[in-house]
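Presented below is the structure to which this report refers.
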Amino acid sequence: MTLVTDVRLRRVLDSRGNPTVEADVLTEEGGFGRAAAPSGASTGEYEAIELPASEAIAKAREDAVPRLVGEVHAGNQREVDAALHAADGTDDFSSIGANSAVAISMAAAKAGASVAGMPLYQHLGGTFRGNSFPIPLGNVVGGGEHAADATDIQEFLSVPVGAPSVSEAIFANAAVHQKVHDILIDRDVPSGKGDEGAWAPSIDDAEAFEIMDEATKAVADEVGFEIRFGLDVAAAEMYDEDEGGYVYSDRVRSTEEQVEYIADLVREYDLKYVEDPLDEDDYEGFADLTEQVGDRTLVCGDDLFVTNTGRLGDGIQQGAANSILIKPNQIGTLSDAFDAIELAVENAYGHVVSHRSGETEDTTIAHLAVATDAPFIKTGAVGGERTAKLNELIRIEDNAV
Ligand SMILES: C=C(OP(=O)(O)O)C(=O)O
Ligand SMILES: [Mg+2]
């Protein structure tokens, strides 16, 4: 029923104004799915390879499309994704591009769902989720690779842990985003926004911590439930061996100092979430920090694990982190992303389904998070390409998809 009859690929715009790959998958019985690849700025060294969009499209048309059309069924995700791997022939999608692969993989899932006549999250296995929904992590202030002349730490994230529903959580994050702006105005700090719509003021990290503390507490009082906050340090972007460690605007921290600094921040601000606090090669540092504060906060590996079961397996063995960020384009297919989620769940690691800094209006990750009962989803707080996912979560909660 879901035999693939056509795969069409095109260049579309992402939120940074760069070209990215969009795929349409058509099947027998009139099935149709469309999806677009996102793109990172603070990319991990071990991610699958994104090619320039035109090149990825040309290579996929030549090598992947003939292995899909008339050959595989969109309703059989493993079959689709195995064909993509076979067409590519490398272990990092450097031949057809992870951007072409992930767009086709996600579009096929949507085509399979459309033939089955069910929402994508259900097709992906979400029928047993009950009423559980991921808590959205809302990026409200930051800098790093996502904005020049702003904080060293890439993301300060609002975490509405006490929200009674996903929609209340989403509106709470938007309110924290607004409150941060109010506080910046009170302090006479002008601010534009970074790639993900977070405020990107020219302040140091210490001031950002003060502002986050104030903003989350003020909004928590207004809405009547607990709101904590967390970080994506994106520390691999700061790490420079020749400089002796983590290069901040005002100083360099050695690995030991970095572990101590982050552990102190977790305790001082009761942080709920700390992503990539150490370099992407430093399993030992991650294990040390997890040992110290892993019982009170999520220590999450993004550039460390890159949604890769091999790297996650190493982390599990060493006790490095206690959760994994899931970005389908880091690994190239939905099947590979599911494998990483399964390995995480089997080992009591949390999983956080995530957007990229360069995004489109694609909503696949909202469905993936609900389907896999992810405890968290990281997809920004404001901005059209971010609200596309957040509004889709609201619709899923309302049984309106
Ligand atoms: C979303 C992130 O940014 P990017 O997409 O630039 O890697 C991240 O680092 O978690
Ligand atoms: Mg990250």
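Residue numbers start at 1 in each chain; chains themselves are named A, B, ... in the order of the structure tokens; ligands are numbered from 1 in the order shown.
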Inset, instruction - Write out as an NGL selection string all residues of stretch 108-249 of chain A that DSSP puts in strand (DSSP E) for this structure's backbone. - result: :A and (135-142 or 155-159 or 228-232 or 239-240 or 245-247)
Next, the residues of the selection above should be written as an mmCIF file, in the first residue's frame with N, CA, C and O atoms.
data_model
loop_
_atom_site.group_PDB
_atom_site.id
_atom_site.type_symbol
_atom_site.label_atom_id
_atom_site.label_comp_id
_atom_site.auth_asym_id
_atom_site.auth_seq_id
_atom_site.Cartn_x
_atom_site.Cartn_y
_atom_site.Cartn_z
ATOM 1 N N ILE A 135 8.150 18.197 28.317
ATOM 2 C CA ILE A 135 8.264 19.570 28.824
ATOM 3 C C ILE A 135 9.138 20.342 27.837
ATOM 4 O O ILE A 135 10.255 19.920 27.525
ATOM 5 N N PRO A 136 8.633 21.483 27.328
ATOM 6 C CA PRO A 136 9.444 22.258 26.375
ATOM 7 C C PRO A 136 10.525 23.073 27.077
ATOM 8 O O PRO A 136 10.251 23.753 28.068
ATOM 9 N N LEU A 137 11.742 22.964 26.577
ATOM 10 C CA LEU A 137 12.853 23.802 27.044
ATOM 11 C C LEU A 137 12.889 25.026 26.140
ATOM 12 O O LEU A 137 13.052 24.889 24.927
ATOM 13 N N GLY A 138 12.724 26.208 26.730
ATOM 14 C CA GLY A 138 12.612 27.428 25.910
ATOM 15 C C GLY A 138 13.869 28.278 26.001
ATOM 16 O O GLY A 138 14.198 28.818 27.053
ATOM 17 N N ASN A 139 14.556 28.407 24.900
ATOM 18 C CA ASN A 139 15.759 29.253 24.835
ATOM 19 C C ASN A 139 15.328 30.713 24.877
ATOM 20 O O ASN A 139 14.668 31.188 23.945
ATOM 21 N N VAL A 140 15.676 31.431 25.942
ATOM 22 C CA VAL A 140 15.200 32.817 26.064
ATOM 23 C C VAL A 140 16.311 33.858 26.058
ATOM 24 O O VAL A 140 16.061 35.021 25.784
ATOM 25 N N VAL A 141 17.538 33.456 26.380
ATOM 26 C CA VAL A 141 18.651 34.401 26.266
ATOM 27 C C VAL A 141 19.921 33.597 26.012
ATOM 28 O O VAL A 141 20.052 32.469 26.485
ATOM 29 N N GLY A 142 20.834 34.190 25.220
ATOM 30 C CA GLY A 142 22.049 33.422 24.939
ATOM 31 C C GLY A 142 22.931 34.075 23.904
ATOM 32 O O GLY A 142 22.722 35.217 23.507
ATOM 33 N N GLU A 155 23.047 28.957 25.480
ATOM 34 C CA GLU A 155 21.596 29.046 25.694
ATOM 35 C C GLU A 155 21.255 29.032 27.175
ATOM 36 O O GLU A 155 21.763 28.181 27.919
ATOM 37 N N PHE A 156 20.384 29.949 27.580
ATOM 38 C CA PHE A 156 19.751 29.912 28.898
ATOM 39 C C PHE A 156 18.288 29.534 28.647
ATOM 40 O O PHE A 156 17.568 30.254 27.949
ATOM 41 N N LEU A 157 17.884 28.402 29.214
ATOM 42 C CA LEU A 157 16.613 27.789 28.844
ATOM 43 C C LEU A 157 15.616 27.810 30.000
ATOM 44 O O LEU A 157 15.933 27.363 31.117
ATOM 45 N N SER A 158 14.420 28.267 29.715
ATOM 46 C CA SER A 158 13.338 28.203 30.692
ATOM 47 C C SER A 158 12.790 26.776 30.735
ATOM 48 O O SER A 158 12.582 26.154 29.685
ATOM 49 N N VAL A 159 12.575 26.245 31.946
ATOM 50 C CA VAL A 159 12.115 24.852 32.084
ATOM 51 C C VAL A 159 10.889 24.821 33.008
ATOM 52 O O VAL A 159 11.015 24.753 34.236
ATOM 53 N N ARG A 228 11.868 26.292 36.457
ATOM 54 C CA ARG A 228 13.309 26.329 36.734
ATOM 55 C C ARG A 228 14.017 26.821 35.471
ATOM 56 O O ARG A 228 13.385 27.202 34.501
ATOM 57 N N PHE A 229 15.321 26.796 35.487
ATOM 58 C CA PHE A 229 16.013 27.076 34.231
ATOM 59 C C PHE A 229 17.226 26.182 34.059
ATOM 60 O O PHE A 229 17.616 25.450 34.965
ATOM 61 N N GLY A 230 17.759 26.202 32.847
ATOM 62 C CA GLY A 230 18.884 25.328 32.512
ATOM 63 C C GLY A 230 19.749 25.981 31.450
ATOM 64 O O GLY A 230 19.511 27.128 31.055
ATOM 65 N N LEU A 231 20.762 25.222 31.004
ATOM 66 C CA LEU A 231 21.771 25.778 30.096
ATOM 67 C C LEU A 231 22.099 24.818 28.971
ATOM 68 O O LEU A 231 22.089 23.601 29.180
ATOM 69 N N ASP A 232 22.422 25.381 27.808
ATOM 70 C CA ASP A 232 23.263 24.650 26.855
ATOM 71 C C ASP A 232 24.579 25.413 26.807
ATOM 72 O O ASP A 232 24.638 26.505 26.210
ATOM 73 N N TYR A 239 36.181 25.174 23.949
ATOM 74 C CA TYR A 239 37.363 24.428 24.373
ATOM 75 C C TYR A 239 38.516 24.630 23.392
ATOM 76 O O TYR A 239 38.353 24.488 22.184
ATOM 77 N N ASP A 240 39.675 24.983 23.940
ATOM 78 C CA ASP A 240 40.867 25.160 23.119
ATOM 79 C C ASP A 240 42.063 24.616 23.903
ATOM 80 O O ASP A 240 42.500 25.228 24.880
ATOM 81 N N GLY A 245 42.170 25.154 28.029
ATOM 82 C CA GLY A 245 40.832 24.775 28.502
ATOM 83 C C GLY A 245 39.711 25.561 27.852
ATOM 84 O O GLY A 245 39.729 25.800 26.641
ATOM 85 N N TYR A 246 38.764 25.981 28.684
ATOM 86 C CA TYR A 246 37.530 26.608 28.204
ATOM 87 C C TYR A 246 37.711 28.124 28.205
ATOM 88 O O TYR A 246 37.906 28.722 29.262
ATOM 89 N N VAL A 247 37.630 28.706 27.027
ATOM 90 C CA VAL A 247 37.940 30.123 26.866
ATOM 91 C C VAL A 247 36.656 30.949 27.000
ATOM 92 O O VAL A 247 35.797 30.940 26.115
#
Inset, instruction - Counting only C-alpha atoms and all ligand atoms, name the residues that have an atom within 6 Å of an atom of ligand 1; the answer should be given as a ChimeraX atom specification. - result: /A:40-43,234,355-357
Legend entry - Protein and nucleic acid residues within 8 Å of ligand 2 (only C-alpha atoms and all ligand atoms) as a PyMOL selection string: chain A and resi 42+232-234+275-276+301-303+325
Inset, instruction - Find the spatial neighbours of A:Arg8, counting only C-alpha atoms, within a cut-off of 8 Å - ignore same-chain residues fewer than 6 positions away - and output them as a ChimeraX atom specification. - result: /A:23-25
Legend entry - Shell around A:Asn322 at 10 Å using only C-alpha atoms, local window under 6 positions removed, as a list in words: Phe286, Ala287, Thr290, Glu291, Gly294, Asp295, Thr297, Leu298, Val299, Cys300, Gly301, Gly315, Ile316, Ala344, Asn347, Ala348, Tyr349, Gly350 and His351 of chain A
